[in-house]
file data.txt (compact mmCIF, C-alpha atoms)
# COMPACT_ATOMS: atom_id res chain seq x y z
CA MET A 1 0.00 0.00 0.00
CA THR A 2 1.12 3.51 -0.57
CA ALA A 3 2.29 5.69 2.30
CA THR A 4 -0.97 7.66 2.20
CA SER A 5 -3.27 4.61 2.15
CA PRO A 6 -5.50 3.85 5.12
CA ASP A 7 -4.78 0.81 7.25
CA TYR A 8 -7.29 -1.10 5.18
CA LEU A 9 -8.96 -0.79 1.80
CA GLU A 10 -12.52 -1.56 0.81
CA GLY A 11 -13.98 -2.63 -2.47
CA GLY A 12 -16.80 -4.47 -4.12
CA CYS A 13 -18.67 -5.39 -7.23
CA ALA A 14 -20.44 -3.06 -9.66
CA CYS A 15 -23.98 -3.61 -8.34
CA GLY A 16 -23.01 -3.28 -4.67
CA LYS A 17 -24.23 -6.72 -3.59
CA ILE A 18 -20.68 -7.75 -2.58
CA ARG A 19 -18.54 -5.55 -0.35
CA TYR A 20 -15.21 -6.49 1.20
CA ARG A 21 -12.35 -5.04 3.20
CA LEU A 22 -8.68 -5.86 2.72
CA ALA A 23 -7.50 -5.96 6.32
CA MET A 24 -3.79 -5.40 5.68
CA PRO A 25 -1.39 -4.75 2.82
CA PRO A 26 -1.06 -7.63 0.35
CA MET A 27 2.02 -9.82 0.17
CA PHE A 28 2.83 -8.70 -3.38
CA VAL A 29 1.08 -7.05 -6.33
CA ASN A 30 1.51 -8.44 -9.84
CA CYS A 31 0.47 -6.88 -13.12
CA CYS A 32 0.00 -9.97 -15.28
CA HIS A 33 0.12 -9.75 -19.07
CA CYS A 34 -0.45 -13.46 -19.80
CA ARG A 35 -2.98 -14.56 -22.40
CA ASP A 36 -5.18 -16.18 -19.73
CA CYS A 37 -5.52 -12.89 -17.85
CA GLN A 38 -6.10 -10.98 -21.08
CA ARG A 39 -8.85 -13.42 -22.08
CA GLN A 40 -10.47 -13.59 -18.63
CA THR A 41 -10.60 -9.81 -18.16
CA GLY A 42 -11.17 -8.79 -21.75
CA SER A 43 -8.30 -6.35 -21.25
CA ALA A 44 -4.56 -5.99 -21.79
CA PHE A 45 -3.63 -7.20 -18.30
CA VAL A 46 -4.88 -7.72 -14.76
CA ILE A 47 -3.51 -6.34 -11.51
CA ASN A 48 -3.70 -8.88 -8.69
CA ALA A 49 -2.89 -8.28 -5.04
CA LEU A 50 -1.75 -11.58 -3.51
CA THR A 51 -3.08 -12.01 0.00
CA GLU A 52 -4.37 -14.52 2.48
CA MET A 53 -8.07 -15.30 2.20
CA ASP A 54 -8.56 -14.53 5.88
CA ARG A 55 -7.27 -10.98 5.19
CA ILE A 56 -10.27 -10.39 2.91
CA GLU A 57 -13.23 -9.64 5.15
CA VAL A 58 -16.50 -10.03 3.26
CA LEU A 59 -18.75 -7.27 4.58
CA ARG A 60 -21.83 -8.06 2.48
CA GLY A 61 -22.94 -10.80 0.13
CA THR A 62 -21.40 -14.10 -0.90
CA PRO A 63 -19.20 -14.36 -3.98
CA GLU A 64 -19.48 -17.57 -5.95
CA ALA A 65 -16.62 -19.52 -7.47
CA VAL A 66 -16.65 -19.99 -11.23
CA SER A 67 -14.09 -22.42 -12.65
CA VAL A 68 -12.38 -21.26 -15.82
CA PRO A 69 -10.02 -23.08 -18.18
CA THR A 70 -6.36 -22.05 -18.32
CA ASP A 71 -3.55 -22.52 -20.82
CA SER A 72 -1.51 -24.27 -18.09
CA GLY A 73 -4.29 -26.72 -17.29
CA ARG A 74 -4.10 -25.81 -13.58
CA PRO A 75 -7.46 -25.16 -11.95
CA HIS A 76 -8.52 -21.54 -11.61
CA ASP A 77 -11.59 -20.41 -9.74
CA ILE A 78 -12.72 -16.81 -10.05
CA TYR A 79 -14.95 -15.51 -7.27
CA ARG A 80 -17.70 -13.34 -8.75
CA CYS A 81 -20.78 -11.49 -7.66
CA PRO A 82 -23.72 -13.79 -8.43
CA ASP A 83 -25.70 -10.82 -9.84
CA CYS A 84 -23.40 -8.50 -11.81
CA ARG A 85 -20.72 -11.22 -12.34
CA ILE A 86 -17.79 -8.90 -11.54
CA ALA A 87 -14.59 -10.84 -10.74
CA LEU A 88 -13.45 -9.94 -7.21
CA TRP A 89 -10.59 -12.39 -6.62
CA GLY A 90 -9.18 -15.62 -7.93
CA ASP A 91 -7.78 -18.85 -6.61
CA TYR A 92 -5.08 -20.02 -9.02
CA GLY A 93 -4.33 -23.70 -8.52
CA ARG A 94 -6.81 -24.20 -5.67
CA ARG A 95 -4.33 -23.30 -2.96
CA PRO A 96 -6.25 -23.00 0.28
CA GLY A 97 -5.96 -19.63 1.90
CA LEU A 98 -4.24 -17.74 -0.98
CA ARG A 99 -6.20 -15.29 -3.10
CA PHE A 100 -5.42 -12.97 -5.99
CA LEU A 101 -7.56 -9.90 -5.30
CA ARG A 102 -8.51 -7.91 -8.39
CA VAL A 103 -7.15 -4.44 -7.60
CA GLY A 104 -9.65 -2.83 -9.98
CA THR A 105 -12.47 -3.78 -7.59
CA LEU A 106 -11.05 -1.59 -4.81
CA ASP A 107 -12.87 1.68 -4.17
CA ASP A 108 -9.46 3.30 -4.70
CA PRO A 109 -7.60 1.07 -7.17
CA ALA A 110 -4.73 3.58 -7.29
CA ALA A 111 -3.90 2.71 -3.66
CA LEU A 112 -1.98 -0.40 -4.79
CA THR A 113 0.66 -0.27 -7.49
CA PRO A 114 2.28 -3.28 -9.14
CA ASP A 115 5.47 -4.59 -7.59
CA ALA A 116 6.21 -6.47 -10.81
CA HIS A 117 4.95 -6.98 -14.36
CA ILE A 118 4.87 -10.67 -15.28
CA PHE A 119 4.44 -12.60 -18.54
CA THR A 120 5.55 -9.56 -20.51
CA ARG A 121 6.37 -11.91 -23.39
CA SER A 122 2.65 -11.70 -24.23
CA LYS A 123 2.27 -8.01 -23.33
CA LEU A 124 0.34 -6.20 -26.03
CA PRO A 125 2.79 -4.16 -28.10
CA TRP A 126 1.06 -0.82 -27.45
CA VAL A 127 1.23 -1.20 -23.65
CA ARG A 128 4.12 0.80 -22.23
CA LEU A 129 5.49 -0.15 -18.84
CA PRO A 130 6.42 2.58 -16.39
CA ASP A 131 10.07 3.61 -16.26
CA HIS A 132 12.03 1.40 -13.86
CA ALA A 133 9.19 -1.15 -13.61
CA ARG A 134 10.31 -4.60 -12.56
CA ALA A 135 9.34 -6.68 -15.59
CA PHE A 136 9.74 -10.37 -16.33
CA GLU A 137 9.26 -12.29 -19.59
CA ILE A 138 7.55 -15.10 -17.66
CA TYR A 139 7.78 -15.13 -13.89
CA TYR A 140 10.41 -14.23 -11.32
CA ASP A 141 12.37 -15.77 -8.49
CA MET A 142 10.12 -15.10 -5.49
CA GLU A 143 13.02 -15.41 -3.06
CA LYS A 144 14.72 -12.48 -4.81
CA GLU A 145 11.70 -10.30 -5.50
CA TRP A 146 9.35 -10.64 -2.54
CA PRO A 147 10.01 -8.93 0.81
CA PRO A 148 11.04 -11.41 3.55
CA ASP A 149 7.86 -10.74 5.56
CA SER A 150 5.71 -11.57 2.54
CA LEU A 151 7.61 -14.81 1.98
CA LYS A 152 6.93 -15.77 5.60
CA ARG A 153 3.23 -15.00 5.19
CA ARG A 154 3.08 -17.12 2.03
CA GLU A 155 4.87 -20.01 3.72
CA ALA A 156 2.48 -19.82 6.69
CA ILE A 157 -0.49 -20.54 4.43
CA LEU A 158 1.06 -22.86 1.83
CA GLY A 159 3.75 -24.62 3.81
CA PRO A 160 7.53 -24.66 3.35
CA GLY A 161 8.95 -24.87 -0.15
CA LYS A 162 5.69 -24.16 -1.98
call {"tool": "encode", "arguments": {"input": "data.txt", "output": "structure tokens"}}
result
Amino acid sequence: MTATSPDYLEGGCACGKIRYRLAMPPMFVNCCHCRDCQRQTGSAFVINALTEMDRIEVLRGTPEAVSVPTDSGRPHDIYRCPDCRIALWGDYGRRPGLRFLRVGTLDDPAALTPDAHIFTRSKLPWVRLPDHARAFEIYYDMEKEWPPDSLKRREAILGPGK
């Protein structure tokens, strides 16, 4: 989160049926340019804030999981509002406790900026990355890129070495 962000951020779907609060800063924020994300969002990329599921407090409504196909073949469930169908967060690979919150659903999506741009090999040619952006053709070495505290949080939910 930026230095001027509140201690938590709120967001929700377009129709207002689902509201949530992100209780603390995410572990890491990726701007993903892969073809799956382009296809699933109908856009050039998606910005995901990786966080623990228990750090997303659902204030109103119940999102429903919709399974979508992926190029990798790994399972991917996108949690959507059952009415307006807005994608709020995803579960890539069905890893209990880890969610990829869609930053665009925050009331203030500018409060979180990408820590890294990933899968830039499939970035659309007219998309320009910010100067000095950390960008990776595919993915990155998490041990090198993530802050130590975030690595500990990730290990606490997924287990060592995952």
call {"tool": "closest_residue", "arguments": {"input": "data.txt", "among": "A:His117, A:Leu151, A:Lys144, A:Gly42", "to": "His132 of chain A", "atoms": "all atoms listed in the file"}}
result
A:His117
call {"tool": "residues_near_point", "arguments": {"input": "data.txt", "point": "(8.9, -12.8, -14.9)", "cutoff": "12 Å", "atoms": "all atoms listed in the file", "output": "JSON, numbers by chain"}}
result
{"A": [30, 31, 32, 33, 34, 115, 116, 117, 118, 119, 120, 121, 122, 123, 133, 134, 135, 136, 137, 138, 139, 140, 141, 142, 144, 145]}
call {"tool": "residues_around", "arguments": {"input": "data.txt", "residues": "segment 17-19 of chain A", "least_positions_apart": "5", "cutoff": "12 Å", "atoms": "all atoms listed in the file", "output": "compact mmCIF listing (two decimals) with C-alpha atoms, in the coordinates of the input"}}
result
# COMPACT_ATOMS: atom_id res chain seq x y z
CA LEU A 9 -8.96 -0.79 1.80
CA GLU A 10 -12.52 -1.56 0.81
CA GLY A 11 -13.98 -2.63 -2.47
CA GLY A 12 -16.80 -4.47 -4.12
CA ILE A 56 -10.27 -10.39 2.91
CA GLU A 57 -13.23 -9.64 5.15
CA VAL A 58 -16.50 -10.03 3.26
CA LEU A 59 -18.75 -7.27 4.58
CA ARG A 60 -21.83 -8.06 2.48
CA GLY A 61 -22.94 -10.80 0.13
CA THR A 62 -21.40 -14.10 -0.90
CA PRO A 63 -19.20 -14.36 -3.98
CA GLU A 64 -19.48 -17.57 -5.95
CA TYR A 79 -14.95 -15.51 -7.27
CA ARG A 80 -17.70 -13.34 -8.75
CA CYS A 81 -20.78 -11.49 -7.66
CA PRO A 82 -23.72 -13.79 -8.43
CA ASP A 83 -25.70 -10.82 -9.84
CA CYS A 84 -23.40 -8.50 -11.81
CA ARG A 85 -20.72 -11.22 -12.34
CA ILE A 86 -17.79 -8.90 -11.54
CA ALA A 87 -14.59 -10.84 -10.74
CA LEU A 88 -13.45 -9.94 -7.21
CA TRP A 89 -10.59 -12.39 -6.62
CA THR A 105 -12.47 -3.78 -7.59
CA LEU A 106 -11.05 -1.59 -4.81
CA ASP A 107 -12.87 1.68 -4.17
call {"tool": "closest_residue", "arguments": {"input": "data.txt", "among": "A:Leu124, A:Leu129, A:Ala110, A:Ala156", "to": "Ser43 of chain A", "atoms": "all atoms listed in the file"}}
result
A:Leu124
call {"tool": "residues_around", "arguments": {"input": "data.txt", "residues": "segment 91-99 of chain A", "least_positions_apart": "2", "cutoff": "6 Å", "atoms": "only C-alpha atoms", "output": "list in words"}}
result
Leu50, Thr51, Glu52, Met53, Arg74, Pro75, His76, Asp77 and Leu101 of chain A
call {"tool": "closest_residue", "arguments": {"input": "data.txt", "among": "A:Thr70, A:Ile78, A:Val127, A:Pro26", "to": "Arg154 of chain A", "atoms": "only C-alpha atoms"}}
result
A:Pro26
call {"tool": "closest_residue", "arguments": {"input": "data.txt", "among": "A:Lys152, A:Arg35, A:Arg128, A:Arg55", "to": "Arg21 of chain A", "atoms": "all atoms listed in the file"}}
result
A:Arg55
call {"tool": "closest_residue", "arguments": {"input": "data.txt", "among": "A:Val46, A:Asp71, A:Glu155, A:Ala65", "to": "Arg102 of chain A", "atoms": "all atoms listed in the file"}}
result
A:Val46
call {"tool": "closest_residue", "arguments": {"input": "data.txt", "among": "A:Tyr8, A:Phe45, A:Trp146, A:Phe100", "to": "Met24 of chain A", "atoms": "all atoms listed in the file"}}
result
A:Tyr8
call {"tool": "axis_aligned_box", "arguments": {"input": "data.txt", "around": "segment 29-35 of chain A", "padding_each_side": "8 Å", "output": "JSON"}}
result
{"center_x": -0.7, "center_y": -10.7, "center_z": -14.4, "size_x": 20.5, "size_y": 23.7, "size_z": 32.1}
call {"tool": "atom_distance", "arguments": {"input": "data.txt", "atom1": "atom CA of Arg153 of chain A", "atom2": "atom CA of Leu22 of chain A"}}
result
15.2 Å
call {"tool": "decode", "arguments": {"input": "data.txt", "residues": "segment 15-59 of chain A", "atoms": "N, CA and C atoms", "output": "mmCIF file, in the first residue's frame"}}
result
data_model
loop_
_atom_site.group_PDB
_atom_site.id
_atom_site.type_symbol
_atom_site.label_atom_id
_atom_site.label_comp_id
_atom_site.auth_asym_id
_atom_site.auth_seq_id
_atom_site.Cartn_x
_atom_site.Cartn_y
_atom_site.Cartn_z
ATOM 1 N N CYS A 15 -22.587 -3.819 -8.780
ATOM 2 C CA CYS A 15 -23.976 -3.611 -8.344
ATOM 3 C C CYS A 15 -24.089 -3.337 -6.848
ATOM 4 N N GLY A 16 -23.006 -3.551 -6.099
ATOM 5 C CA GLY A 16 -23.009 -3.279 -4.667
ATOM 6 C C GLY A 16 -23.442 -4.441 -3.790
ATOM 7 N N LYS A 17 -23.802 -5.569 -4.394
ATOM 8 C CA LYS A 17 -24.232 -6.718 -3.592
ATOM 9 C C LYS A 17 -23.087 -7.290 -2.759
ATOM 10 N N ILE A 18 -21.859 -7.252 -3.299
ATOM 11 C CA ILE A 18 -20.680 -7.754 -2.584
ATOM 12 C C ILE A 18 -19.824 -6.565 -2.162
ATOM 13 N N ARG A 19 -19.474 -6.536 -0.892
ATOM 14 C CA ARG A 19 -18.538 -5.546 -0.352
ATOM 15 C C ARG A 19 -17.512 -6.308 0.479
ATOM 16 N N TYR A 20 -16.268 -5.846 0.427
ATOM 17 C CA TYR A 20 -15.210 -6.495 1.198
ATOM 18 C C TYR A 20 -14.236 -5.443 1.709
ATOM 19 N N ARG A 21 -13.422 -5.873 2.653
ATOM 20 C CA ARG A 21 -12.349 -5.040 3.200
ATOM 21 C C ARG A 21 -11.060 -5.857 3.179
ATOM 22 N N LEU A 22 -10.007 -5.260 2.653
ATOM 23 C CA LEU A 22 -8.677 -5.856 2.718
ATOM 24 C C LEU A 22 -8.061 -5.385 4.021
ATOM 25 N N ALA A 23 -7.850 -6.310 4.951
ATOM 26 C CA ALA A 23 -7.501 -5.963 6.324
ATOM 27 C C ALA A 23 -6.064 -5.487 6.501
ATOM 28 N N MET A 24 -5.187 -5.818 5.565
ATOM 29 C CA MET A 24 -3.787 -5.399 5.680
ATOM 30 C C MET A 24 -3.173 -5.379 4.292
ATOM 31 N N PRO A 25 -2.012 -4.775 4.147
ATOM 32 C CA PRO A 25 -1.387 -4.749 2.816
ATOM 33 C C PRO A 25 -1.186 -6.158 2.271
ATOM 34 N N PRO A 26 -1.281 -6.310 0.950
ATOM 35 C CA PRO A 26 -1.057 -7.626 0.353
ATOM 36 C C PRO A 26 0.406 -8.038 0.458
ATOM 37 N N MET A 27 0.651 -9.308 0.170
ATOM 38 C CA MET A 27 2.019 -9.818 0.169
ATOM 39 C C MET A 27 2.817 -9.253 -0.996
ATOM 40 N N PHE A 28 2.161 -9.150 -2.159
ATOM 41 C CA PHE A 28 2.827 -8.700 -3.376
ATOM 42 C C PHE A 28 1.744 -8.343 -4.380
ATOM 43 N N VAL A 29 2.041 -7.443 -5.296
ATOM 44 C CA VAL A 29 1.081 -7.045 -6.334
ATOM 45 C C VAL A 29 1.710 -7.284 -7.699
ATOM 46 N N ASN A 30 1.058 -8.128 -8.488
ATOM 47 C CA ASN A 30 1.509 -8.437 -9.844
ATOM 48 C C ASN A 30 0.610 -7.782 -10.872
ATOM 49 N N CYS A 31 1.207 -7.262 -11.927
ATOM 50 C CA CYS A 31 0.469 -6.883 -13.123
ATOM 51 C C CYS A 31 0.777 -7.976 -14.135
ATOM 52 N N CYS A 32 -0.219 -8.801 -14.433
ATOM 53 C CA CYS A 32 -0.004 -9.974 -15.278
ATOM 54 C C CYS A 32 -0.494 -9.709 -16.700
ATOM 55 N N HIS A 33 0.408 -9.970 -17.655
ATOM 56 C CA HIS A 33 0.123 -9.746 -19.072
ATOM 57 C C HIS A 33 -0.066 -11.055 -19.824
ATOM 58 N N CYS A 34 -0.314 -12.171 -19.114
ATOM 59 C CA CYS A 34 -0.449 -13.462 -19.799
ATOM 60 C C CYS A 34 -1.755 -13.513 -20.603
ATOM 61 N N ARG A 35 -1.795 -14.425 -21.549
ATOM 62 C CA ARG A 35 -2.982 -14.561 -22.400
ATOM 63 C C ARG A 35 -4.211 -14.966 -21.589
ATOM 64 N N ASP A 36 -4.038 -15.809 -20.568
ATOM 65 C CA ASP A 36 -5.184 -16.183 -19.733
ATOM 66 C C ASP A 36 -5.808 -14.937 -19.113
ATOM 67 N N CYS A 37 -4.985 -14.098 -18.501
ATOM 68 C CA CYS A 37 -5.515 -12.890 -17.853
ATOM 69 C C CYS A 37 -6.134 -11.944 -18.867
ATOM 70 N N GLN A 38 -5.517 -11.827 -20.028
ATOM 71 C CA GLN A 38 -6.098 -10.979 -21.077
ATOM 72 C C GLN A 38 -7.486 -11.499 -21.465
ATOM 73 N N ARG A 39 -7.580 -12.807 -21.672
ATOM 74 C CA ARG A 39 -8.849 -13.418 -22.080
ATOM 75 C C ARG A 39 -9.903 -13.293 -20.980
ATOM 76 N N GLN A 40 -9.503 -13.575 -19.731
ATOM 77 C CA GLN A 40 -10.468 -13.591 -18.632
ATOM 78 C C GLN A 40 -10.981 -12.208 -18.274
ATOM 79 N N THR A 41 -10.168 -11.173 -18.496
ATOM 80 C CA THR A 41 -10.599 -9.814 -18.157
ATOM 81 C C THR A 41 -11.111 -9.048 -19.365
ATOM 82 N N GLY A 42 -10.813 -9.533 -20.559
ATOM 83 C CA GLY A 42 -11.168 -8.786 -21.754
ATOM 84 C C GLY A 42 -10.349 -7.507 -21.863
ATOM 85 N N SER A 43 -9.143 -7.529 -21.292
ATOM 86 C CA SER A 43 -8.301 -6.350 -21.248
ATOM 87 C C SER A 43 -6.855 -6.734 -21.545
ATOM 88 N N ALA A 44 -5.965 -5.764 -21.469
ATOM 89 C CA ALA A 44 -4.558 -5.995 -21.791
ATOM 90 C C ALA A 44 -3.803 -6.699 -20.678
ATOM 91 N N PHE A 45 -4.297 -6.605 -19.446
ATOM 92 C CA PHE A 45 -3.625 -7.198 -18.296
ATOM 93 C C PHE A 45 -4.568 -7.169 -17.112
ATOM 94 N N VAL A 46 -4.144 -7.796 -16.015
ATOM 95 C CA VAL A 46 -4.880 -7.721 -14.759
ATOM 96 C C VAL A 46 -3.883 -7.362 -13.664
ATOM 97 N N ILE A 47 -4.342 -6.637 -12.664
ATOM 98 C CA ILE A 47 -3.509 -6.336 -11.507
ATOM 99 C C ILE A 47 -4.092 -7.095 -10.331
ATOM 100 N N ASN A 48 -3.289 -8.013 -9.795
ATOM 101 C CA ASN A 48 -3.697 -8.878 -8.691
ATOM 102 C C ASN A 48 -2.866 -8.583 -7.454
ATOM 103 N N ALA A 49 -3.542 -8.428 -6.333
ATOM 104 C CA ALA A 49 -2.885 -8.284 -5.036
ATOM 105 C C ALA A 49 -2.947 -9.634 -4.343
ATOM 106 N N LEU A 50 -1.804 -10.263 -4.142
ATOM 107 C CA LEU A 50 -1.755 -11.576 -3.508
ATOM 108 C C LEU A 50 -1.868 -11.408 -2.003
ATOM 109 N N THR A 51 -2.843 -12.116 -1.433
ATOM 110 C CA THR A 51 -3.079 -12.008 0.001
ATOM 111 C C THR A 51 -3.708 -13.284 0.534
ATOM 112 N N GLU A 52 -3.709 -13.396 1.835
ATOM 113 C CA GLU A 52 -4.368 -14.520 2.480
ATOM 114 C C GLU A 52 -5.883 -14.309 2.435
ATOM 115 N N MET A 53 -6.612 -15.396 2.248
ATOM 116 C CA MET A 53 -8.074 -15.298 2.203
ATOM 117 C C MET A 53 -8.626 -14.708 3.488
ATOM 118 N N ASP A 54 -8.018 -15.051 4.622
ATOM 119 C CA ASP A 54 -8.559 -14.528 5.880
ATOM 120 C C ASP A 54 -8.257 -13.038 6.077
ATOM 121 N N ARG A 55 -7.507 -12.437 5.154
ATOM 122 C CA ARG A 55 -7.274 -10.983 5.190
ATOM 123 C C ARG A 55 -8.314 -10.228 4.363
ATOM 124 N N ILE A 56 -9.167 -10.985 3.663
ATOM 125 C CA ILE A 56 -10.274 -10.387 2.913
ATOM 126 C C ILE A 56 -11.536 -10.613 3.735
ATOM 127 N N GLU A 57 -12.023 -9.559 4.331
ATOM 128 C CA GLU A 57 -13.229 -9.645 5.153
ATOM 129 C C GLU A 57 -14.434 -9.299 4.275
ATOM 130 N N VAL A 58 -15.291 -10.277 4.045
ATOM 131 C CA VAL A 58 -16.500 -10.029 3.257
ATOM 132 C C VAL A 58 -17.497 -9.318 4.159
ATOM 133 N N LEU A 59 -17.856 -8.104 3.789
ATOM 134 C CA LEU A 59 -18.754 -7.270 4.579
ATOM 135 C C LEU A 59 -20.225 -7.504 4.220
#
